[in-house]
file input20.csv (CSV, C-alpha atoms)
chain,number,residue,atom,x,y,z
A,27,MET,CA,-27.0,-0.6,-18.3
A,28,ASN,CA,-25.1,1.7,-15.9
A,29,LYS,CA,-21.4,2.0,-16.5
A,30,SER,CA,-19.0,1.0,-13.7
A,31,TYR,CA,-16.9,3.6,-11.9
A,32,LEU,CA,-13.8,2.6,-13.8
A,33,GLU,CA,-15.5,3.0,-17.1
A,34,THR,CA,-16.5,6.6,-16.3
A,35,MET,CA,-13.5,7.9,-14.4
A,36,PRO,CA,-11.4,9.9,-15.2
A,37,ASP,CA,-13.0,12.0,-18.0
A,38,GLU,CA,-11.4,12.3,-21.4
A,39,ASN,CA,-9.1,15.1,-20.1
A,40,GLY,CA,-7.9,13.0,-17.2
A,41,PHE,CA,-10.0,14.7,-14.4
A,42,PHE,CA,-11.5,12.9,-11.4
A,43,GLY,CA,-13.9,15.7,-10.5
A,44,LYS,CA,-11.7,18.7,-10.2
A,45,PHE,CA,-8.5,16.7,-9.5
A,46,GLY,CA,-6.1,15.4,-12.1
A,47,GLY,CA,-5.6,16.8,-15.6
A,48,SER,CA,-2.4,17.6,-17.4
A,49,PHE,CA,-0.4,20.7,-16.5
A,50,ILE,CA,2.7,20.3,-18.6
A,51,PRO,CA,5.1,22.5,-20.6
A,52,PRO,CA,4.4,22.7,-24.4
A,53,ILE,CA,7.4,20.4,-25.2
A,54,LEU,CA,5.6,17.5,-23.4
A,55,GLU,CA,2.2,18.0,-25.0
A,56,LYS,CA,2.9,15.8,-28.1
A,57,PRO,CA,4.7,13.0,-26.2
A,58,PHE,CA,1.9,12.8,-23.7
A,59,THR,CA,-0.7,12.8,-26.4
A,60,ASP,CA,1.1,10.0,-28.1
A,61,ILE,CA,1.3,8.0,-24.8
A,62,THR,CA,-2.4,8.5,-24.3
A,63,LYS,CA,-3.3,7.5,-27.8
A,64,ALA,CA,-1.1,4.4,-27.6
A,65,TYR,CA,-2.5,3.3,-24.2
A,66,LEU,CA,-6.1,3.7,-25.4
A,67,GLU,CA,-5.3,1.5,-28.4
A,68,LEU,CA,-3.3,-1.0,-26.5
A,69,LYS,CA,-5.7,-1.5,-23.5
A,70,ASN,CA,-8.3,-3.1,-25.8
A,71,SER,CA,-5.8,-5.0,-28.0
A,72,PRO,CA,-6.2,-8.8,-27.6
A,73,ALA,CA,-2.5,-9.3,-28.3
A,74,PHE,CA,-1.5,-6.8,-25.5
A,75,ILE,CA,-4.0,-8.4,-23.1
A,76,GLU,CA,-2.7,-11.9,-23.8
A,77,GLU,CA,0.9,-10.8,-23.5
A,78,LEU,CA,0.2,-9.2,-20.1
A,79,LYS,CA,-1.7,-12.3,-18.9
A,80,TYR,CA,1.2,-14.5,-19.9
A,81,VAL,CA,3.8,-12.3,-18.2
A,82,ARG,CA,1.7,-12.1,-15.0
A,83,LYS,CA,1.1,-15.8,-14.8
A,84,HIS,CA,4.4,-17.3,-16.0
A,85,TYR,CA,6.9,-14.5,-14.9
A,86,GLN,CA,5.4,-12.5,-12.1
A,87,GLY,CA,3.8,-15.4,-10.3
A,88,ARG,CA,0.2,-14.0,-10.3
A,89,PRO,CA,-2.3,-14.4,-8.9
A,90,THR,CA,-0.7,-13.6,-5.5
A,91,PRO,CA,-2.6,-15.3,-2.6
A,92,ILE,CA,-4.7,-13.9,0.2
A,93,SER,CA,-3.5,-15.1,3.6
A,94,PHE,CA,-5.6,-15.1,6.8
A,95,ALA,CA,-3.5,-13.5,9.6
A,96,LYS,CA,-4.8,-15.9,12.3
A,97,ASN,CA,-2.2,-15.1,15.0
A,98,LEU,CA,-2.3,-11.3,14.4
A,99,THR,CA,-6.1,-11.5,14.5
A,100,GLU,CA,-6.0,-13.3,17.8
A,101,PHE,CA,-3.5,-10.8,19.2
A,102,CYS,CA,-5.7,-7.9,18.3
A,103,GLY,CA,-8.9,-9.6,19.5
A,104,GLY,CA,-11.4,-8.1,17.1
A,105,ALA,CA,-12.1,-8.3,13.4
A,106,LYS,CA,-10.4,-10.9,11.2
A,107,ILE,CA,-7.4,-9.6,9.3
A,108,TYR,CA,-6.5,-10.9,5.9
A,109,LEU,CA,-3.5,-9.9,3.8
A,110,LYS,CA,-3.3,-9.6,0.0
A,111,ARG,CA,0.2,-10.8,-0.6
A,112,GLU,CA,1.8,-8.4,-3.1
A,113,ASP,CA,5.0,-9.1,-1.3
A,114,LEU,CA,5.0,-12.5,-3.2
A,115,ASN,CA,4.8,-10.7,-6.6
A,116,HIS,CA,8.1,-11.0,-8.4
A,117,THR,CA,10.6,-8.4,-7.2
A,118,GLY,CA,8.8,-8.3,-3.8
A,119,ALA,CA,6.1,-5.6,-4.3
A,120,HIS,CA,3.2,-4.5,-6.4
A,121,LYS,CA,5.2,-2.2,-8.6
A,122,LEU,CA,6.0,-4.8,-11.3
A,123,ASN,CA,2.2,-4.9,-12.1
A,124,HIS,CA,2.5,-1.6,-13.9
A,125,CYS,CA,6.2,-1.7,-14.9
A,126,MET,CA,5.8,-4.7,-17.2
A,127,ALA,CA,2.9,-3.0,-18.9
A,128,GLU,CA,4.6,0.4,-19.1
A,129,VAL,CA,7.6,-1.2,-20.8
A,130,ILE,CA,5.4,-3.0,-23.3
A,131,LEU,CA,3.9,0.4,-24.0
A,132,ALA,CA,7.4,1.9,-24.5
A,133,LYS,CA,8.2,-0.8,-27.0
A,134,TYR,CA,4.9,-0.2,-28.8
A,135,LEU,CA,5.9,3.5,-29.1
A,136,GLY,CA,9.4,2.5,-30.5
A,137,LYS,CA,11.3,3.8,-27.4
A,138,LYS,CA,14.7,2.5,-26.6
A,139,LYS,CA,15.0,3.7,-23.0
A,140,VAL,CA,12.8,4.0,-19.8
A,141,ILE,CA,13.4,6.7,-17.2
A,142,ALA,CA,11.9,6.8,-13.7
A,143,GLU,CA,12.2,8.0,-10.2
A,144,THR,CA,12.2,5.8,-7.1
A,145,GLY,CA,11.8,6.3,-3.4
A,146,ALA,CA,12.0,3.0,-1.5
A,147,GLY,CA,13.6,1.5,-4.6
A,148,GLN,CA,10.8,-1.0,-5.4
A,149,HIS,CA,9.6,0.9,-8.5
A,150,GLY,CA,13.2,1.2,-9.6
A,151,VAL,CA,13.9,-2.5,-9.2
A,152,ALA,CA,10.6,-3.4,-10.9
A,153,LEU,CA,11.3,-1.1,-13.9
A,154,ALA,CA,14.9,-2.3,-14.2
A,155,THR,CA,13.5,-5.9,-14.1
A,156,ALA,CA,10.9,-5.1,-16.9
A,157,ALA,CA,13.6,-3.3,-19.0
A,158,ALA,CA,15.9,-6.3,-18.7
A,159,TYR,CA,13.1,-8.7,-19.7
A,160,PHE,CA,12.0,-6.7,-22.7
A,161,GLY,CA,15.5,-5.5,-23.7
A,162,LEU,CA,15.4,-1.7,-23.1
A,163,GLU,CA,17.8,0.7,-21.4
A,164,CYS,CA,16.8,1.8,-17.9
A,165,GLU,CA,17.7,5.0,-16.0
A,166,ILE,CA,16.6,5.4,-12.4
A,167,HIS,CA,16.8,8.7,-10.4
A,168,MET,CA,16.9,8.3,-6.6
A,169,GLY,CA,17.5,10.7,-3.7
A,170,GLU,CA,20.8,10.3,-1.8
A,171,VAL,CA,18.9,9.9,1.5
A,172,ASP,CA,17.0,7.0,0.1
A,173,ILE,CA,20.1,5.5,-1.6
A,174,ALA,CA,21.7,5.3,1.9
A,175,LYS,CA,18.5,3.9,3.5
A,176,GLU,CA,17.6,1.4,0.8
A,177,HIS,CA,21.0,-0.1,-0.1
A,178,PRO,CA,19.7,-3.6,-1.0
A,179,ASN,CA,17.5,-2.2,-3.7
A,180,VAL,CA,20.2,0.1,-5.0
A,181,ALA,CA,22.4,-3.0,-5.4
A,182,ARG,CA,19.6,-4.9,-7.1
A,183,MET,CA,19.0,-2.1,-9.6
A,184,LYS,CA,22.7,-2.0,-10.6
A,185,ILE,CA,22.8,-5.8,-10.9
A,186,LEU,CA,19.8,-5.7,-13.2
A,187,GLY,CA,21.7,-3.3,-15.5
A,188,ALA,CA,20.0,0.0,-14.6
A,189,LYS,CA,21.9,3.3,-14.6
A,190,LEU,CA,21.4,4.9,-11.2
A,191,VAL,CA,21.4,8.7,-11.0
A,192,PRO,CA,21.9,10.0,-7.4
A,193,VAL,CA,19.9,13.2,-6.6
A,194,SER,CA,21.6,15.6,-4.3
A,195,HIS,CA,19.4,18.7,-4.2
A,196,GLY,CA,16.7,19.7,-1.7
A,197,LEU,CA,15.7,17.0,0.7
A,198,LYS,CA,17.3,14.4,-1.5
A,199,THR,CA,14.2,12.1,-1.4
A,200,LEU,CA,11.3,11.2,-3.6
A,201,LYS,CA,10.1,14.6,-4.7
A,202,GLU,CA,13.5,15.6,-5.9
A,203,ALA,CA,13.9,12.3,-7.6
A,204,VAL,CA,10.8,13.0,-9.6
A,205,ASP,CA,12.1,16.5,-10.5
A,206,SER,CA,15.4,15.0,-11.7
A,207,ALA,CA,13.7,12.2,-13.7
A,208,PHE,CA,11.4,14.7,-15.4
A,209,GLU,CA,14.4,16.9,-16.4
A,210,ALA,CA,16.2,13.9,-17.9
A,211,TYR,CA,13.1,12.9,-19.9
A,212,LEU,CA,12.7,16.5,-21.2
A,213,LYS,CA,16.1,16.2,-22.9
A,214,ASP,CA,15.2,13.1,-24.9
A,215,THR,CA,11.4,12.6,-25.4
A,216,GLU,CA,12.1,11.1,-28.8
A,217,ASN,CA,13.9,8.0,-27.7
A,218,SER,CA,12.8,7.6,-24.1
A,219,ILE,CA,9.6,7.4,-22.0
A,220,TYR,CA,9.1,8.5,-18.4
A,221,CYS,CA,7.5,5.6,-16.6
A,222,ILE,CA,5.8,7.2,-13.6
A,223,GLY,CA,5.9,5.0,-10.5
A,224,SER,CA,2.5,5.7,-9.0
A,225,VAL,CA,-1.0,7.0,-9.7
A,226,VAL,CA,0.4,10.6,-10.0
A,227,GLY,CA,1.7,12.9,-12.7
A,228,PRO,CA,-0.1,14.3,-15.8
A,229,HIS,CA,-2.9,12.4,-17.6
A,230,PRO,CA,-2.8,9.5,-18.6
A,231,PHE,CA,-0.5,8.2,-15.9
A,232,PRO,CA,-3.0,8.2,-12.9
A,233,MET,CA,-5.5,6.3,-15.0
A,234,MET,CA,-3.0,4.0,-16.7
A,235,VAL,CA,-1.1,3.0,-13.5
A,236,ARG,CA,-4.5,2.4,-11.8
A,237,ASP,CA,-5.7,0.2,-14.6
A,238,PHE,CA,-2.5,-1.8,-14.6
A,239,GLN,CA,-2.7,-2.1,-10.7
A,240,SER,CA,-6.4,-3.0,-10.7
A,241,VAL,CA,-5.3,-6.6,-11.1
A,242,ILE,CA,-4.8,-6.6,-7.3
A,243,GLY,CA,-8.4,-5.6,-6.6
A,244,PHE,CA,-10.0,-7.9,-9.1
A,245,GLU,CA,-8.0,-10.9,-7.9
A,246,SER,CA,-8.8,-10.0,-4.3
A,247,LYS,CA,-12.5,-9.8,-4.9
A,248,GLU,CA,-12.6,-13.4,-6.3
A,249,GLN,CA,-10.2,-14.8,-3.7
A,250,PHE,CA,-11.9,-13.3,-0.7
A,251,PHE,CA,-15.0,-15.3,-1.5
A,252,GLU,CA,-13.0,-18.5,-1.1
A,253,HIS,CA,-12.3,-17.5,2.5
A,254,GLU,CA,-15.5,-15.8,3.7
A,255,ASN,CA,-18.1,-16.3,0.9
A,256,LYS,CA,-18.7,-12.6,1.0
A,257,LEU,CA,-17.0,-9.3,0.3
A,258,PRO,CA,-14.5,-7.9,2.9
A,259,ASP,CA,-16.1,-5.2,5.2
A,260,ASN,CA,-13.0,-3.1,5.1
A,261,ILE,CA,-10.0,-2.5,2.7
A,262,VAL,CA,-6.8,-1.0,4.1
A,263,ALA,CA,-3.8,0.2,2.1
A,264,CYS,CA,-0.9,2.6,2.6
A,265,VAL,CA,-1.0,5.8,0.5
A,266,GLY,CA,2.0,7.9,-0.7
A,267,GLY,CA,1.3,8.5,-4.3
A,268,GLY,CA,-1.2,5.7,-3.9
A,269,SER,CA,-0.7,3.0,-6.6
A,270,ASN,CA,-1.1,-0.1,-4.4
A,271,ALA,CA,-4.2,1.5,-2.8
A,272,MET,CA,-5.8,2.4,-6.1
A,273,GLY,CA,-5.0,-1.1,-7.3
A,274,ILE,CA,-6.9,-2.9,-4.5
A,275,PHE,CA,-9.6,-0.2,-4.2
A,276,SER,CA,-10.4,-0.6,-8.0
A,277,GLY,CA,-12.0,-4.0,-7.4
A,278,PHE,CA,-14.4,-2.6,-4.7
A,279,ILE,CA,-15.3,1.1,-5.5
A,280,ASP,CA,-18.7,0.2,-6.8
A,281,ASP,CA,-19.4,-2.0,-3.7
A,282,LYS,CA,-20.6,0.7,-1.4
A,283,GLU,CA,-20.8,-1.7,1.6
A,284,VAL,CA,-17.0,-2.1,1.5
A,285,ALA,CA,-15.2,0.7,3.5
A,286,LEU,CA,-12.0,1.9,1.8
A,287,TYR,CA,-9.1,3.2,4.0
A,288,GLY,CA,-6.0,4.9,2.6
A,289,VAL,CA,-3.4,5.1,5.4
A,290,GLU,CA,-1.1,8.1,5.4
A,291,PRO,CA,2.3,8.5,7.1
A,292,MET,CA,2.2,10.7,10.2
A,293,GLY,CA,5.9,10.4,10.6
A,294,LYS,CA,7.2,12.1,13.7
A,295,GLY,CA,4.5,14.7,14.3
A,296,LYS,CA,2.0,17.2,13.0
A,297,ASN,CA,4.4,20.0,12.1
A,298,ILE,CA,5.4,20.7,8.5
A,299,GLY,CA,8.4,18.5,7.6
A,300,GLU,CA,7.5,15.9,10.1
A,301,HIS,CA,5.0,13.9,8.1
A,302,SER,CA,3.6,13.2,4.6
A,303,ALA,CA,-0.1,13.2,5.4
A,304,SER,CA,-1.2,15.1,2.3
A,305,LEU,CA,-4.9,14.2,2.4
A,306,THR,CA,-5.1,15.1,6.1
A,307,TYR,CA,-3.2,18.3,6.2
A,308,GLY,CA,-2.9,19.4,2.5
A,309,GLU,CA,-4.9,21.7,0.2
A,310,GLU,CA,-5.6,21.8,-3.5
A,311,GLY,CA,-2.5,22.5,-5.6
A,312,ILE,CA,-0.7,21.7,-8.8
A,313,MET,CA,2.7,19.9,-8.8
A,314,HIS,CA,4.4,17.5,-11.2
A,315,GLY,CA,1.8,18.2,-13.8
A,316,PHE,CA,-1.4,17.3,-12.0
A,317,ASN,CA,-3.9,19.0,-9.7
A,318,SER,CA,-4.5,17.3,-6.4
A,319,ILE,CA,-4.2,17.8,-2.6
A,320,MET,CA,-0.7,18.7,-1.6
A,321,LEU,CA,1.2,19.9,1.5
A,322,LYS,CA,2.4,23.5,1.1
A,323,ASP,CA,4.9,25.7,2.8
A,324,ILE,CA,4.0,29.3,3.8
A,325,ASP,CA,4.9,30.4,0.2
A,326,GLY,CA,2.5,27.9,-1.3
A,327,ASN,CA,5.2,25.7,-2.7
A,328,PRO,CA,5.4,21.9,-2.0
A,329,ALA,CA,6.3,21.5,1.6
A,330,PRO,CA,9.2,19.4,2.9
A,331,VAL,CA,7.9,16.0,3.9
A,332,TYR,CA,9.1,13.0,5.9
A,333,SER,CA,8.2,9.3,6.5
A,334,ILE,CA,10.2,6.3,7.8
A,335,GLY,CA,8.8,4.7,4.6
A,336,SER,CA,10.9,6.1,1.7
A,337,GLY,CA,8.2,5.1,-0.8
A,338,ILE,CA,5.5,7.2,0.8
A,339,ASP,CA,7.2,10.5,1.7
A,340,TYR,CA,5.6,12.6,-1.1
A,341,PRO,CA,4.0,16.0,-0.7
A,342,SER,CA,1.0,15.3,-2.8
A,343,VAL,CA,-1.2,12.3,-3.6
A,344,GLY,CA,-2.8,10.7,-6.6
A,345,PRO,CA,-5.7,12.8,-7.9
A,346,GLU,CA,-8.1,9.9,-7.7
A,347,HIS,CA,-7.4,9.5,-4.0
A,348,ALA,CA,-8.2,13.2,-3.6
A,349,TYR,CA,-11.5,12.7,-5.4
A,350,LEU,CA,-12.5,9.5,-3.5
A,351,LYS,CA,-11.8,11.2,-0.2
A,352,GLU,CA,-13.7,14.4,-1.2
A,353,SER,CA,-16.6,12.4,-2.5
A,354,GLY,CA,-16.8,10.4,0.7
A,355,ARG,CA,-16.1,7.1,-0.9
A,356,SER,CA,-12.8,6.6,0.9
A,357,LYS,CA,-11.6,7.4,4.4
A,358,VAL,CA,-8.2,8.4,5.6
A,359,GLY,CA,-6.3,6.5,8.3
A,360,LEU,CA,-3.1,7.7,10.0
A,361,CYS,CA,0.0,5.8,11.2
A,362,ASP,CA,3.2,7.3,12.7
A,363,ASP,CA,6.7,5.9,12.5
A,364,ASN,CA,6.6,4.1,15.9
A,365,GLU,CA,3.3,2.4,15.0
A,366,ALA,CA,4.7,1.3,11.7
A,367,VAL,CA,7.8,-0.2,13.3
A,368,ASP,CA,5.7,-1.9,15.9
A,369,ALA,CA,3.5,-3.5,13.1
A,370,PHE,CA,6.7,-4.4,11.2
A,371,TYR,CA,7.9,-6.5,14.2
A,372,LYS,CA,4.5,-7.9,15.2
A,373,LEU,CA,3.7,-9.2,11.7
A,374,SER,CA,7.2,-10.7,11.4
A,375,GLN,CA,7.0,-12.5,14.8
A,376,LEU,CA,3.4,-13.4,14.8
A,377,GLU,CA,2.9,-14.4,11.2
A,378,GLY,CA,6.4,-15.0,9.8
A,379,ILE,CA,6.0,-12.2,7.2
A,380,ILE,CA,8.4,-9.3,7.2
A,381,PRO,CA,6.6,-6.4,5.6
A,382,ALA,CA,8.0,-3.3,3.8
A,383,LEU,CA,7.9,-0.3,6.1
A,384,GLU,CA,5.4,1.3,3.7
A,385,SER,CA,3.1,-1.7,4.0
A,386,ALA,CA,3.6,-1.8,7.8
A,387,HIS,CA,1.6,1.5,7.9
A,388,ALA,CA,-1.4,-0.3,6.6
A,389,VAL,CA,-0.9,-3.3,8.9
A,390,ALA,CA,-0.6,-0.9,11.9
A,391,PHE,CA,-3.9,0.9,11.0
A,392,ALA,CA,-5.6,-2.4,10.4
A,393,MET,CA,-4.6,-3.6,13.9
A,394,LYS,CA,-6.1,-0.4,15.4
A,395,LEU,CA,-9.2,-0.8,13.4
A,396,ALA,CA,-9.6,-4.5,14.2
A,397,LYS,CA,-9.7,-3.8,17.9
A,398,THR,CA,-12.7,-1.5,17.4
A,399,LEU,CA,-14.8,-4.1,15.4
A,400,PRO,CA,-16.6,-7.3,16.4
A,401,LYS,CA,-15.1,-10.6,15.5
A,402,ASP,CA,-17.5,-11.3,12.6
A,403,LYS,CA,-16.1,-8.3,10.7
A,404,THR,CA,-13.3,-8.5,8.2
A,405,ILE,CA,-10.4,-6.4,7.1
A,406,LEU,CA,-8.3,-7.0,3.9
A,407,VAL,CA,-4.9,-5.3,4.0
A,408,SER,CA,-2.9,-4.6,0.8
A,409,LEU,CA,0.5,-6.0,1.9
A,410,SER,CA,2.2,-4.0,-0.9
A,411,GLY,CA,5.7,-5.2,-0.4
A,412,ARG,CA,8.2,-7.3,1.5
A,413,GLY,CA,10.7,-5.9,4.0
A,414,ASP,CA,14.1,-7.2,2.8
A,415,LYS,CA,15.0,-3.7,1.8
A,416,ASP,CA,14.3,-2.3,5.3
A,417,ILE,CA,15.9,-4.9,7.5
A,418,ASP,CA,19.3,-3.2,8.0
A,419,PHE,CA,17.7,0.3,8.6
A,420,VAL,CA,15.1,-1.0,11.1
A,421,ILE,CA,17.4,-3.1,13.3
A,422,GLU,CA,20.1,-0.3,13.4
A,423,ASN,CA,17.5,2.3,14.5
A,424,TYR,CA,14.8,0.2,16.3
A,425,PRO,CA,16.3,-2.7,18.2
A,426,ILE,CA,14.6,-6.1,17.8
A,427,PRO,CA,12.1,-6.7,20.7
A,428,ASN,CA,13.5,-8.9,23.4
A,429,THR,CA,10.3,-10.9,23.9
A,430,LYS,CA,8.0,-12.4,21.4
A,431,PHE,CA,4.5,-10.8,21.4

call {"tool": "encode", "arguments": {"input": "input20.csv", "output": "structure tokens"}}
result
Amino acid sequence: MNKSYLETMPDENGFFGKFGGSFIPPILEKPFTDITKAYLELKNSPAFIEELKYVRKHYQGRPTPISFAKNLTEFCGGAKIYLKREDLNHTGAHKLNHCMAEVILAKYLGKKKVIAETGAGQHGVALATAAAYFGLECEIHMGEVDIAKEHPNVARMKILGAKLVPVSHGLKTLKEAVDSAFEAYLKDTENSIYCIGSVVGPHPFPMMVRDFQSVIGFESKEQFFEHENKLPDNIVACVGGGSNAMGIFSGFIDDKEVALYGVEPMGKGKNIGEHSASLTYGEEGIMHGFNSIMLKDIDGNPAPVYSIGSGIDYPSVGPEHAYLKESGRSKVGLCDDNEAVDAFYKLSQLEGIIPALESAHAVAFAMKLAKTLPKDKTILVSLSGRGDKDIDFVIENYPIPNTKF
């Protein structure tokens, strides 16, 4: 019997083709070996599986539903648009799916503290939530630019008991937050664990976070049949590091008739520093301990990046996304700031759902895609998070439309 894609990828060294791996300083080799060993033991443990099932059902509120976006579909006039509602997962985004599991792993390893970076703040909120639930200390590193943009999530993290560390160097956004969190972790690998917030970083994190997020895809596959009695024709998800996208893709990678679209942020333009479209404009390179596709400056270093969505302004991308694109299994979509804001308001006013700006990138691309397809085709969008965190920023910079669409 042939093994499924998820059973064969990555290889034992954490590579998806030539992408992935573990490029870390010697001081981290033992901690990461311990994490890998513990995860491989835990993932097949009935006790762990049962605990995760319990938490997801009775604490997170899973399964999250799939909603048919009837009004948005009629507005676009083409393919039917469905939404996988990760905005209804506890804490308002998909991030809790892997954070609860990562904190269980931390307890299994005897750690007292979890450390992480955050961009939009959703990973920080989710990890602070998981740490509170399981009784661990939590330290979150966040760029000063994102702290100013995402004030509601900053307040939530503090209320939940997390220590927030502002990052003031470089562009003061997600990449610098990762750098800062790694440095903090290096100082105390004995008592702490770095809980990476996406399908990035050294092995085993791209595999581990994908596996924990795959619940999105497996739920979606079963639920979509309730609506259409068949698989969706297209899956659309925003991609920064790519955790929500790999989560929903995981349920459909082996179903070749389902097209997979990872939507990248085009920001303000095509010049370096104006976007975060790594898969579109990047080249092979190593950063933050893994080999993938990254945006580089003229010296070959990680380039400055930008997106209106703080959670997707990252100069690289999960190695599995690089592999899926290169192998032809996934396609890349693009969405700029203005398109994202337009989708933010349209989904809000047509469906009564306020999306996160990151998720709005996927909605915007789905709207463009729907208009090119016949009405009997379907698109399933990973609505990765809700927009509470973005409301103040959006209305201050992009006035609410005077007329309903």

call {"tool": "residues_around", "arguments": {"input": "input20.csv", "residues": "segment 349-361 of chain A", "least_positions_apart": "4", "cutoff": "8 Å", "atoms": "all atoms listed in the file", "output": "count of residues only"}}
result
25

call {"tool": "residues_around", "arguments": {"input": "input20.csv", "residues": "Leu321 of chain A", "least_positions_apart": "3", "cutoff": "12 Å", "atoms": "all atoms listed in the file", "output": "PyMOL selection string"}}
result
chain A and resi 296-313+318+324-332+339-343

call {"tool": "closest_atom_pairs", "arguments": {"input": "input20.csv", "of": "segment 321-374 of chain A", "to": "segment 234-241 of chain A", "cutoff": "12 Å", "atoms": "only C-alpha atoms", "output": "Markdown table"}}
result
| residue | atom | partner | partner_atom | distance |
| --- | --- | --- | --- | --- |
| A:Gly344 | CA | A:Arg236 | CA | 9.9 |
| A:Pro345 | CA | A:Arg236 | CA | 11.2 |
| A:Glu346 | CA | A:Arg236 | CA | 9.3 |
| A:His347 | CA | A:Arg236 | CA | 10.9 |

call {"tool": "write_last_selection", "arguments": {"input": "input20.csv", "atoms": "C-alpha atoms", "output": "PDB file, keeping the file's coordinate frame"}}
result
ATOM      1  CA  GLY A 344      -2.800  10.700  -6.600  1.00  0.00           C
ATOM      2  CA  PRO A 345      -5.700  12.800  -7.900  1.00  0.00           C
ATOM      3  CA  GLU A 346      -8.100   9.900  -7.700  1.00  0.00           C
ATOM      4  CA  HIS A 347      -7.400   9.500  -4.000  1.00  0.00           C
TER       5      HIS A 347
END

call {"tool": "residues_around", "arguments": {"input": "input20.csv", "residues": "His253 of chain A", "least_positions_apart": "5", "cutoff": "10 Å", "atoms": "only C-alpha atoms", "output": "count of residues only"}}
result
6

call {"tool": "residues_around", "arguments": {"input": "input20.csv", "residues": "Val180 of chain A", "least_positions_apart": "3", "cutoff": "10 Å", "atoms": "all atoms listed in the file", "output": "CSV table (one decimal) with C-alpha atoms, keeping the file's coordinate frame"}}
result
chain,number,residue,atom,x,y,z
A,146,ALA,CA,12.0,3.0,-1.5
A,147,GLY,CA,13.6,1.5,-4.6
A,148,GLN,CA,10.8,-1.0,-5.4
A,150,GLY,CA,13.2,1.2,-9.6
A,151,VAL,CA,13.9,-2.5,-9.2
A,166,ILE,CA,16.6,5.4,-12.4
A,168,MET,CA,16.9,8.3,-6.6
A,172,ASP,CA,17.0,7.0,0.1
A,173,ILE,CA,20.1,5.5,-1.6
A,174,ALA,CA,21.7,5.3,1.9
A,175,LYS,CA,18.5,3.9,3.5
A,176,GLU,CA,17.6,1.4,0.8
A,177,HIS,CA,21.0,-0.1,-0.1
A,183,MET,CA,19.0,-2.1,-9.6
A,184,LYS,CA,22.7,-2.0,-10.6
A,185,ILE,CA,22.8,-5.8,-10.9
A,188,ALA,CA,20.0,0.0,-14.6
A,190,LEU,CA,21.4,4.9,-11.2
A,415,LYS,CA,15.0,-3.7,1.8

call {"tool": "atom_distance", "arguments": {"input": "input20.csv", "atom1": "atom CA of Thr429 of chain A", "atom2": "atom CA of Glu100 of chain A"}}
result
17.6 Å

call {"tool": "residues_around", "arguments": {"input": "input20.csv", "residues": "Glu216 of chain A", "least_positions_apart": "6", "cutoff": "10 Å", "atoms": "all atoms listed in the file", "output": "count of residues only"}}
result
6
